[in-house]
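Here's my_file11.txt, which has compact mmCIF, C-alpha atoms:
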# COMPACT_ATOMS: atom_id res chain seq x y z
CA MET A 1 0.00 0.00 0.00
CA ARG A 2 1.00 3.60 -0.37
CA ILE A 3 0.61 6.25 2.29
CA THR A 4 1.88 9.80 2.73
CA VAL A 5 4.17 10.62 5.64
CA ASN A 6 4.96 14.28 6.27
CA GLY A 7 4.11 15.07 2.68
CA GLU A 8 6.20 12.25 1.16
CA SER A 9 4.61 9.24 -0.52
CA ILE A 10 6.02 5.91 0.65
CA GLY A 11 5.23 2.24 -0.02
CA LEU A 12 4.64 -0.13 2.88
CA GLU A 13 3.74 -3.78 3.26
CA ASP A 14 0.23 -4.52 4.52
CA ARG A 15 -0.60 -4.85 8.24
CA TYR A 16 1.76 -1.99 9.08
CA THR A 17 0.93 -0.27 12.39
CA VAL A 18 1.67 3.25 13.59
CA LEU A 19 4.25 1.78 15.97
CA ASP A 20 5.95 0.00 13.03
CA LEU A 21 6.11 3.33 11.22
CA ILE A 22 7.55 5.13 14.26
CA GLU A 23 10.18 2.41 14.64
CA ARG A 24 11.03 2.58 10.94
CA TYR A 25 12.12 6.19 11.51
CA HIS A 26 13.88 5.42 14.83
CA LEU A 27 11.46 7.64 16.73
CA ALA A 28 10.14 5.14 19.28
CA ASP A 29 12.10 6.79 22.10
CA GLN A 30 11.68 10.36 20.87
CA PRO A 31 9.02 12.84 21.90
CA CYS A 32 6.69 12.86 18.91
CA ALA A 33 3.00 12.80 18.06
CA VAL A 34 1.14 11.20 15.18
CA GLU A 35 -1.87 12.37 13.27
CA ILE A 36 -3.62 10.31 10.60
CA ASN A 37 -6.01 12.00 8.21
CA ARG A 38 -6.06 15.04 10.50
CA GLN A 39 -6.98 13.02 13.60
CA LEU A 40 -4.57 12.59 16.50
CA VAL A 41 -3.65 8.97 17.24
CA PRO A 42 -2.59 8.84 20.91
CA LYS A 43 0.56 6.94 21.75
CA ALA A 44 -1.46 4.32 23.63
CA HIS A 45 -3.05 3.31 20.30
CA HIS A 46 0.10 3.20 18.17
CA ARG A 47 0.56 -0.54 18.61
CA GLU A 48 -2.87 -1.57 17.37
CA HIS A 49 -3.67 1.19 14.90
CA ARG A 50 -3.17 -0.25 11.39
CA LEU A 51 -2.35 2.06 8.52
CA THR A 52 -4.53 1.83 5.41
CA GLU A 53 -4.07 2.70 1.77
CA GLY A 54 -3.97 6.43 1.14
CA ASP A 55 -3.52 7.44 4.80
CA GLU A 56 -2.06 10.88 5.26
CA VAL A 57 0.25 10.71 8.25
CA GLU A 58 1.91 13.56 10.09
CA ILE A 59 4.67 12.82 12.56
CA VAL A 60 5.59 15.92 14.54
CA THR A 61 7.90 16.95 17.33
CA LEU A 62 8.67 20.10 19.30
CA VAL A 63 11.20 22.59 17.96
CA GLY A 64 12.41 26.03 18.99
CA GLY A 65 9.71 28.67 18.66
CA GLY A 66 8.31 31.83 20.17
CA MET B 1 -2.71 59.66 32.97
CA THR B 2 -1.82 56.67 35.11
CA PRO B 3 -3.53 53.30 35.37
CA GLN B 4 -5.65 53.07 38.49
CA LEU B 5 -5.44 49.31 38.61
CA GLN B 6 -5.60 47.48 41.87
CA VAL B 7 -2.23 45.97 42.74
CA SER B 8 -2.28 42.34 43.73
CA SER B 9 -0.46 41.63 46.97
CA ASP B 10 1.07 38.51 45.50
CA SER B 11 4.43 38.91 43.82
CA LEU B 12 4.15 35.48 42.20
CA LEU B 13 2.60 35.06 38.77
CA THR B 14 -0.34 32.67 38.74
CA LEU B 15 -1.07 31.55 35.22
CA GLY B 16 -3.40 28.73 34.35
CA GLY B 17 -3.01 26.94 37.65
CA HIS B 18 0.77 27.28 37.58
CA THR B 19 2.68 29.65 39.85
CA PHE B 20 5.94 31.28 38.87
CA ALA B 21 8.42 33.67 40.47
CA SER B 22 9.52 34.97 37.06
CA ARG B 23 7.19 37.12 34.98
CA LEU B 24 9.22 36.72 31.82
CA ILE B 25 8.29 34.00 29.34
CA VAL B 26 10.84 33.41 26.62
CA GLY B 27 10.82 31.65 23.29
CA THR B 28 13.33 29.06 22.12
CA GLY B 29 13.39 29.94 18.41
CA LYS B 30 15.90 31.73 16.16
CA TYR B 31 19.02 31.15 18.26
CA GLU B 32 22.33 30.73 16.49
CA SER B 33 22.99 27.58 18.48
CA TYR B 34 21.36 25.41 21.10
CA GLU B 35 24.24 26.24 23.45
CA ILE B 36 23.56 29.99 23.29
CA MET B 37 19.83 29.35 23.70
CA GLN B 38 20.47 27.29 26.80
CA GLU B 39 22.64 29.98 28.34
CA ALA B 40 20.18 32.75 27.43
CA LEU B 41 17.22 30.87 28.92
CA ASP B 42 19.19 30.49 32.11
CA ALA B 43 20.17 34.17 32.19
CA SER B 44 16.58 35.30 31.58
CA GLY B 45 15.40 33.66 34.78
CA ALA B 46 12.33 32.43 32.89
CA GLU B 47 10.48 29.40 34.20
CA VAL B 48 8.24 29.05 31.16
CA VAL B 49 9.58 28.61 27.64
CA THR B 50 7.62 28.39 24.41
CA VAL B 51 8.16 25.80 21.69
CA ALA B 52 6.63 25.10 18.28
CA VAL B 53 5.16 21.91 16.79
CA ARG B 54 6.72 20.90 13.48
CA ARG B 55 7.14 17.87 11.25
CA GLU B 56 9.90 15.45 12.25
CA ARG B 57 12.86 15.53 9.93
CA LEU B 58 12.56 11.85 9.15
CA LEU B 59 15.85 11.44 7.32
CA ASP B 60 18.02 13.42 9.73
CA ASP B 61 18.20 11.03 12.64
CA ASN B 62 21.62 12.17 13.85
CA GLY B 63 20.40 15.74 14.52
CA ARG B 64 20.40 17.09 18.03
CA SER B 65 17.08 17.62 19.71
CA LEU B 66 15.87 20.83 21.35
CA PHE B 67 15.30 18.82 24.49
CA ASP B 68 18.95 17.91 24.77
CA PHE B 69 19.29 21.56 25.80
CA ILE B 70 16.13 22.23 27.79
CA ASP B 71 15.82 20.77 31.26
CA THR B 72 12.17 19.76 31.35
CA ASP B 73 12.32 19.39 35.13
CA ARG B 74 13.23 23.07 35.37
CA TYR B 75 11.07 24.66 32.68
CA THR B 76 7.35 24.47 32.08
CA ILE B 77 6.95 24.06 28.33
CA LEU B 78 4.34 26.21 26.61
CA PRO B 79 3.65 24.81 23.13
CA ASN B 80 2.41 27.28 20.55
CA THR B 81 0.31 27.05 17.41
CA ALA B 82 2.57 29.47 15.53
CA GLY B 83 2.15 29.44 11.78
CA CYS B 84 -1.49 28.32 11.80
CA PHE B 85 -3.86 30.36 9.65
CA THR B 86 -7.12 28.59 10.48
CA ALA B 87 -8.85 27.68 13.73
CA ASP B 88 -8.95 24.02 12.65
CA ASP B 89 -5.20 23.85 12.07
CA ALA B 90 -4.48 25.60 15.38
CA VAL B 91 -6.67 23.06 17.21
CA ARG B 92 -4.86 20.16 15.48
CA VAL B 93 -1.46 21.58 16.40
CA ALA B 94 -2.52 22.25 20.01
CA ARG B 95 -3.62 18.62 20.38
CA LEU B 96 -0.36 17.35 18.87
CA GLY B 97 1.65 19.52 21.25
CA ARG B 98 -0.32 18.25 24.22
CA GLU B 99 0.24 14.66 23.13
CA ILE B 100 4.01 15.17 23.13
CA LEU B 101 4.11 16.97 26.47
CA GLN B 102 1.98 14.23 28.02
CA GLN B 103 4.65 11.72 26.97
CA MET B 104 7.28 13.93 28.60
CA ALA B 105 5.11 14.36 31.73
CA ASN B 106 5.78 18.10 31.60
CA PRO B 107 3.38 20.37 33.50
CA GLY B 108 2.84 22.33 30.27
CA GLN B 109 0.70 19.53 28.86
CA ASP B 110 -2.53 21.25 29.83
CA TRP B 111 -1.93 24.58 28.14
CA VAL B 112 -1.23 26.15 24.79
CA LYS B 113 -0.19 29.50 23.40
CA LEU B 114 -2.86 29.95 20.78
CA GLU B 115 -1.91 31.79 17.62
CA VAL B 116 -4.23 31.95 14.65
CA LEU B 117 -2.70 34.28 12.11
CA GLY B 118 -4.52 36.38 9.57
CA ASP B 119 -1.68 37.57 7.39
CA PRO B 120 1.78 36.11 6.65
CA GLN B 121 3.56 39.45 6.29
CA THR B 122 2.46 41.20 9.45
CA LEU B 123 1.73 37.98 11.40
CA LEU B 124 -1.23 39.83 12.85
CA PRO B 125 -3.72 37.54 14.56
CA ASP B 126 -7.02 36.62 12.93
CA PRO B 127 -9.51 37.66 15.63
CA MET B 128 -12.36 35.46 14.36
CA GLY B 129 -10.17 32.38 13.97
CA THR B 130 -8.56 32.99 17.36
CA LEU B 131 -11.93 33.22 19.09
CA GLU B 132 -13.24 30.08 17.36
CA ALA B 133 -10.11 28.06 18.20
CA CYS B 134 -10.14 29.36 21.79
CA GLN B 135 -13.73 28.16 22.27
CA THR B 136 -12.91 24.71 20.84
CA LEU B 137 -9.74 24.28 22.89
CA VAL B 138 -11.35 25.45 26.14
CA GLY B 139 -14.09 22.87 25.48
CA ASP B 140 -11.37 20.27 24.97
CA GLY B 141 -9.90 20.97 28.42
CA PHE B 142 -7.01 23.21 27.43
CA ARG B 143 -5.91 26.25 29.35
CA VAL B 144 -5.60 28.68 26.49
CA LEU B 145 -3.18 31.59 26.45
CA CYS B 146 -4.40 33.69 23.55
CA TYR B 147 -2.11 35.75 21.38
CA SER B 148 -4.25 38.68 20.29
CA THR B 149 -4.17 42.22 19.02
CA ASP B 150 -4.15 45.02 21.57
CA ASP B 151 -7.88 45.57 20.92
CA PRO B 152 -9.52 45.77 24.38
CA VAL B 153 -12.92 44.51 23.19
CA MET B 154 -11.34 41.49 21.49
CA ALA B 155 -9.50 40.78 24.73
CA VAL B 156 -12.80 40.79 26.63
CA ARG B 157 -14.34 38.43 24.07
CA LEU B 158 -11.43 36.00 24.47
CA ARG B 159 -11.64 36.13 28.25
CA ASP B 160 -15.39 35.51 28.07
CA ALA B 161 -14.70 32.53 25.80
CA GLY B 162 -12.68 31.02 28.65
CA ALA B 163 -9.14 32.06 27.78
CA THR B 164 -6.81 31.53 30.73
CA SER B 165 -4.85 34.59 29.70
CA VAL B 166 -5.06 37.18 26.96
CA MET B 167 -1.71 38.05 25.43
CA PRO B 168 -1.91 41.26 23.44
CA ALA B 169 0.86 42.03 20.98
CA GLY B 170 2.90 45.12 21.81
CA SER B 171 3.67 45.35 18.10
CA PRO B 172 4.05 42.76 15.31
CA ILE B 173 5.99 39.57 16.09
CA GLY B 174 9.73 40.02 15.73
CA SER B 175 9.38 43.69 14.73
CA GLY B 176 11.21 45.10 17.76
CA ARG B 177 8.89 48.10 17.72
CA GLY B 178 8.01 47.71 21.39
CA ILE B 179 4.68 48.82 22.84
CA ALA B 180 3.25 50.60 19.81
CA ASN B 181 0.04 51.71 21.51
CA PRO B 182 0.42 52.01 25.29
CA ALA B 183 -3.02 53.58 25.57
CA ALA B 184 -4.65 50.49 24.04
CA ILE B 185 -2.78 48.20 26.43
CA THR B 186 -3.80 50.43 29.35
CA ILE B 187 -7.48 50.33 28.36
CA LEU B 188 -7.27 46.58 27.75
CA LEU B 189 -5.81 46.09 31.23
CA GLU B 190 -8.55 48.20 32.78
CA MET B 191 -11.31 46.32 30.99
CA LEU B 192 -9.92 42.93 32.05
CA LYS B 193 -8.81 43.83 35.56
CA ASP B 194 -10.93 46.64 36.95
CA PRO B 195 -13.86 45.22 39.00
CA ALA B 196 -15.82 48.40 38.24
CA ARG B 197 -15.69 47.39 34.58
CA GLY B 198 -16.47 43.73 35.12
CA GLY B 199 -12.82 42.79 35.41
CA GLU B 200 -10.86 40.69 37.83
CA PRO B 201 -7.60 42.11 39.25
CA ASP B 202 -5.88 38.73 39.13
CA TYR B 203 -6.84 37.93 35.53
CA PRO B 204 -3.44 37.47 33.88
CA VAL B 205 -2.49 39.60 30.90
CA ILE B 206 0.85 38.90 29.23
CA VAL B 207 2.20 41.33 26.67
CA ASP B 208 3.42 39.15 23.82
CA ALA B 209 5.42 40.12 20.76
CA GLY B 210 7.26 43.14 19.45
CA VAL B 211 9.77 43.59 22.27
CA GLY B 212 13.07 44.96 21.00
CA ALA B 213 14.70 46.60 24.00
CA PRO B 214 14.61 46.06 27.75
CA SER B 215 12.73 49.36 28.09
CA ASP B 216 9.86 47.79 26.10
CA VAL B 217 9.53 45.10 28.77
CA THR B 218 9.66 47.71 31.50
CA THR B 219 6.99 49.79 29.75
CA ALA B 220 4.65 46.80 29.51
CA MET B 221 5.13 45.96 33.17
CA GLU B 222 4.75 49.60 34.26
CA LEU B 223 1.41 49.68 32.46
CA GLY B 224 0.27 46.81 34.68
CA ALA B 225 0.83 43.70 32.58
CA ASP B 226 1.37 40.52 34.57
CA GLY B 227 4.23 39.39 32.40
CA VAL B 228 5.95 39.68 29.06
CA LEU B 229 6.62 37.01 26.45
CA LEU B 230 9.46 37.56 24.00
CA ASN B 231 11.79 35.65 21.75
CA THR B 232 13.49 37.59 18.94
CA GLY B 233 14.52 40.50 21.19
CA ILE B 234 16.84 38.11 23.00
CA ALA B 235 17.64 35.54 20.32
CA HIS B 236 18.71 38.09 17.70
CA ALA B 237 20.48 40.53 20.01
CA ARG B 238 24.20 40.85 19.32
CA ASP B 239 24.82 39.16 22.67
CA PRO B 240 21.74 37.11 23.51
CA VAL B 241 22.92 36.06 26.96
CA GLN B 242 23.63 39.64 28.03
CA MET B 243 20.29 40.74 26.60
CA ALA B 244 18.49 37.96 28.47
CA ARG B 245 19.98 39.30 31.67
CA ALA B 246 18.87 42.82 30.73
CA MET B 247 15.32 41.68 29.96
CA LYS B 248 15.11 39.94 33.32
CA ALA B 249 16.18 43.11 35.14
CA ALA B 250 13.81 45.20 32.99
CA CYS B 251 10.88 42.98 33.86
CA GLU B 252 11.60 43.18 37.56
CA ALA B 253 12.09 46.97 37.38
CA GLY B 254 8.79 47.50 35.56
CA TYR B 255 6.89 45.22 37.90
CA LEU B 256 8.28 46.89 41.03
CA GLY B 257 7.63 50.30 39.50
CA PHE B 258 4.00 49.46 38.79
CA ARG B 259 3.48 48.14 42.29
CA ALA B 260 5.16 51.21 43.77
CA GLY B 261 2.79 53.51 41.84
CA ARG B 262 4.33 56.13 39.62
CA ILE B 263 3.73 59.87 40.04
CA PRO B 264 1.27 61.49 37.66
CA LYS B 265 2.74 63.35 34.69
CA ARG B 266 2.42 67.16 34.89
CA MET B 267 2.88 69.90 32.35
CA TYR B 268 5.11 72.01 34.62
CA ALA B 269 7.93 71.46 37.07
CA THR B 270 7.54 70.95 40.81
CA ALA B 271 10.66 71.82 42.76
CA SER B 272 12.34 69.07 44.75
CA SER B 273 14.12 71.55 47.03
CA PRO B 274 12.13 73.92 49.29
CA TRP B 275 11.44 77.50 48.23
CA ALA B 276 11.49 78.58 51.86
CA GLY B 277 14.79 79.82 53.18
CA LEU B 278 16.26 80.81 49.81
CA ILE B 279 18.97 83.47 50.18
CA SER B 280 18.34 84.76 46.65
CA PRO B 281 15.21 86.34 45.10
CA ILE B 282 12.76 84.33 42.95
CA PRO B 283 12.13 86.08 39.61
CA GLY B 284 8.62 87.55 39.41
CA GLU B 285 7.96 87.40 43.15
How does the structure come out when it is put into structure tokens?
Amino acid sequence: MRITVNGESIGLEDRYTVLDLIERYHLADQPCAVEINRQLVPKAHHREHRLTEGDEVEIVTLVGGG
Amino acid sequence: MTPQLQVSSDSLLTLGGHTFASRLIVGTGKYESYEIMQEALDASGAEVVTVAVRRERLLDDNGRSLFDFIDTDRYTILPNTAGCFTADDAVRVARLGREILQQMANPGQDWVKLEVLGDPQTLLPDPMGTLEACQTLVGDGFRVLCYSTDDPVMAVRLRDAGATSVMPAGSPIGSGRGIANPAAITILLEMLKDPARGGEPDYPVIVDAGVGAPSDVTTAMELGADGVLLNTGIAHARDPVQMARAMKAACEAGYLGFRAGRIPKRMYATASSPWAGLISPIPGE
């Protein structure tokens, strides 16, 4: 399947979870938050939440700002 | 013309259920390096620092993180919705920021600095979008610190919508123009704080944006603001650490000055030394 992560289209095997995606980018231990199709997916749901074709995923963190 | 605001007896700043000794809130953006930022935050004496929510740089996994340089046990993190131009986007970003701070168990997880912008060049807030997002976020359990214009009526609307604090801009973000309209800030403070006008003396008002010099911070505090939020004025100073120290002193000076109660301005002089006992004549007498 294909999904979009932070604006980039990527191909993934089926049955991929949010946690799999986070681990793919080595972010499992980093402070980050995930939104799928404009809805927040809390960390407690990352393990069971399966990605589906066409999902638009945002993975965000905190940066310097005013 | 001096503000006739009631002075709270408490020298601590109570903001959204948090209590702080420092009345300066500083941003963490635009620093030349994380090391300078860290030193400037320390020199400012701030206990609250703002951060922004942005996409992870997914391919740059050897980059250093902001939080390698911010002690989250020391600072309460105030996430912002900077860069959002619609209420919906600001609400999304606020929820994402809360999600991250919950993971970090930082006390800032329950609040947000709400910015909904109306124009990319001036970065002026969109009043309608700000009000809409404030209502949604308050309903979602957030304590909302609202970046706003210095319009007193807008400030009242935001307070009535449940904003924890209204944060009027002194002048546009990053402009360094200071408190462009002190009269507007004064009226805003009266409308939010004067019981005779339906206000509450302890309702916190933070002047946010536009600070260029320490005297701008002092001016805001002398007018009766509860605190000042700034970023660029420190981060882009020639010596950010020295400037952070200056801003801290300026904030304290303005706060003490407001509490002490300044003299009214007069058109003419009043002599500090007595007329009586002069050995020389006074012209015209």
Tell me, in Å to one decimal, how far atom CA of Val138 of chain B is from atom CA of Asn6 of chain A.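 Going from atom CA of Val138 of chain B over to atom CA of Asn6 of chain A, I get 28.0 Å.
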Enter the distance from atom CA of Pro127 of chain B to atom CA of Gly66 of chain A, in Å, rounded to one decimal. 19.3 Å
Please identify all residues of chain B having at least one atom at most 6 Å from any atom of chain A, considering all atoms listed in the file, and return them as a list in words. Gly27, Thr28, Gly29, Thr50, Val51, Ala52, Val53, Arg54, Arg55, Glu56, Leu96, Ile100 and Asn231 of chain B
Please list as an MDAnalysis selection string every residue within 12 Å of Asp160 of chain B, counting only C-alpha atoms and excluding residues in the same chain fewer than 3 positions away. chainID B and resid 131 134:135 138 153:157 163:166 191:192 198:200 203
Would you mind listing what lies within 12 Å of Ser9 of chain A as a PDB file with C-alpha atoms, in the frame of the given file, with all atoms listed in the file counted and same-chain residues fewer than 3 positions away left out?
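What landed in out_35.pdb:
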ATOM      1  CA  MET A   1       0.000   0.000   0.000  1.00  0.00           C
ATOM      2  CA  ARG A   2       1.000   3.600  -0.370  1.00  0.00           C
ATOM      3  CA  ILE A   3       0.610   6.250   2.290  1.00  0.00           C
ATOM      4  CA  THR A   4       1.880   9.800   2.730  1.00  0.00           C
ATOM      5  CA  VAL A   5       4.170  10.620   5.640  1.00  0.00           C
ATOM      6  CA  ASN A   6       4.960  14.280   6.270  1.00  0.00           C
ATOM      7  CA  LEU A  12       4.640  -0.130   2.880  1.00  0.00           C
ATOM      8  CA  GLU A  53      -4.070   2.700   1.770  1.00  0.00           C
ATOM      9  CA  GLY A  54      -3.970   6.430   1.140  1.00  0.00           C
ATOM     10  CA  ASP A  55      -3.520   7.440   4.800  1.00  0.00           C
ATOM     11  CA  GLU A  56      -2.060  10.880   5.260  1.00  0.00           C
ATOM     12  CA  VAL A  57       0.250  10.710   8.250  1.00  0.00           C
ATOM     13  CA  GLU A  58       1.910  13.560  10.090  1.00  0.00           C
TER      14      GLU A  58
END
Have a look at atom CA of Asp29 of chain A and atom CA of Ser65 of chain B and let me know their distance in Å, one decimal.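 Atom-to-atom, atom CA of Asp29 of chain A and atom CA of Ser65 of chain B are spaced 12.2 Å apart.
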Local residues around (-3.1, 27.2, 19.3), at most 12 Å away, using all atoms listed in the file, as a PDB file with C-alpha atoms, in the frame of the given file:
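So the final result, stored in selection_6.pdb, reads:
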ATOM      1  CA  THR B  50       7.620  28.390  24.410  1.00  0.00           C
ATOM      2  CA  VAL B  51       8.160  25.800  21.690  1.00  0.00           C
ATOM      3  CA  ALA B  52       6.630  25.100  18.280  1.00  0.00           C
ATOM      4  CA  VAL B  53       5.160  21.910  16.790  1.00  0.00           C
ATOM      5  CA  LEU B  78       4.340  26.210  26.610  1.00  0.00           C
ATOM      6  CA  PRO B  79       3.650  24.810  23.130  1.00  0.00           C
ATOM      7  CA  ASN B  80       2.410  27.280  20.550  1.00  0.00           C
ATOM      8  CA  THR B  81       0.310  27.050  17.410  1.00  0.00           C
ATOM      9  CA  ALA B  82       2.570  29.470  15.530  1.00  0.00           C
ATOM     10  CA  GLY B  83       2.150  29.440  11.780  1.00  0.00           C
ATOM     11  CA  CYS B  84      -1.490  28.320  11.800  1.00  0.00           C
ATOM     12  CA  PHE B  85      -3.860  30.360   9.650  1.00  0.00           C
ATOM     13  CA  THR B  86      -7.120  28.590  10.480  1.00  0.00           C
ATOM     14  CA  ALA B  87      -8.850  27.680  13.730  1.00  0.00           C
ATOM     15  CA  ASP B  88      -8.950  24.020  12.650  1.00  0.00           C
ATOM     16  CA  ASP B  89      -5.200  23.850  12.070  1.00  0.00           C
ATOM     17  CA  ALA B  90      -4.480  25.600  15.380  1.00  0.00           C
ATOM     18  CA  VAL B  91      -6.670  23.060  17.210  1.00  0.00           C
ATOM     19  CA  ARG B  92      -4.860  20.160  15.480  1.00  0.00           C
ATOM     20  CA  VAL B  93      -1.460  21.580  16.400  1.00  0.00           C
ATOM     21  CA  ALA B  94      -2.520  22.250  20.010  1.00  0.00           C
ATOM     22  CA  ARG B  95      -3.620  18.620  20.380  1.00  0.00           C
ATOM     23  CA  LEU B  96      -0.360  17.350  18.870  1.00  0.00           C
ATOM     24  CA  GLY B  97       1.650  19.520  21.250  1.00  0.00           C
ATOM     25  CA  ARG B  98      -0.320  18.250  24.220  1.00  0.00           C
ATOM     26  CA  TRP B 111      -1.930  24.580  28.140  1.00  0.00           C
ATOM     27  CA  VAL B 112      -1.230  26.150  24.790  1.00  0.00           C
ATOM     28  CA  LYS B 113      -0.190  29.500  23.400  1.00  0.00           C
ATOM     29  CA  LEU B 114      -2.860  29.950  20.780  1.00  0.00           C
ATOM     30  CA  GLU B 115      -1.910  31.790  17.620  1.00  0.00           C
ATOM     31  CA  VAL B 116      -4.230  31.950  14.650  1.00  0.00           C
ATOM     32  CA  LEU B 117      -2.700  34.280  12.110  1.00  0.00           C
ATOM     33  CA  PRO B 125      -3.720  37.540  14.560  1.00  0.00           C
ATOM     34  CA  GLY B 129     -10.170  32.380  13.970  1.00  0.00           C
ATOM     35  CA  THR B 130      -8.560  32.990  17.360  1.00  0.00           C
ATOM     36  CA  LEU B 131     -11.930  33.220  19.090  1.00  0.00           C
ATOM     37  CA  GLU B 132     -13.240  30.080  17.360  1.00  0.00           C
ATOM     38  CA  ALA B 133     -10.110  28.060  18.200  1.00  0.00           C
ATOM     39  CA  CYS B 134     -10.140  29.360  21.790  1.00  0.00           C
ATOM     40  CA  GLN B 135     -13.730  28.160  22.270  1.00  0.00           C
ATOM     41  CA  THR B 136     -12.910  24.710  20.840  1.00  0.00           C
ATOM     42  CA  LEU B 137      -9.740  24.280  22.890  1.00  0.00           C
ATOM     43  CA  VAL B 138     -11.350  25.450  26.140  1.00  0.00           C
ATOM     44  CA  PHE B 142      -7.010  23.210  27.430  1.00  0.00           C
ATOM     45  CA  ARG B 143      -5.910  26.250  29.350  1.00  0.00           C
ATOM     46  CA  VAL B 144      -5.600  28.680  26.490  1.00  0.00           C
ATOM     47  CA  LEU B 145      -3.180  31.590  26.450  1.00  0.00           C
ATOM     48  CA  CYS B 146      -4.400  33.690  23.550  1.00  0.00           C
ATOM     49  CA  TYR B 147      -2.110  35.750  21.380  1.00  0.00           C
ATOM     50  CA  SER B 148      -4.250  38.680  20.290  1.00  0.00           C
ATOM     51  CA  ALA B 163      -9.140  32.060  27.780  1.00  0.00           C
TER      52      ALA B 163
END
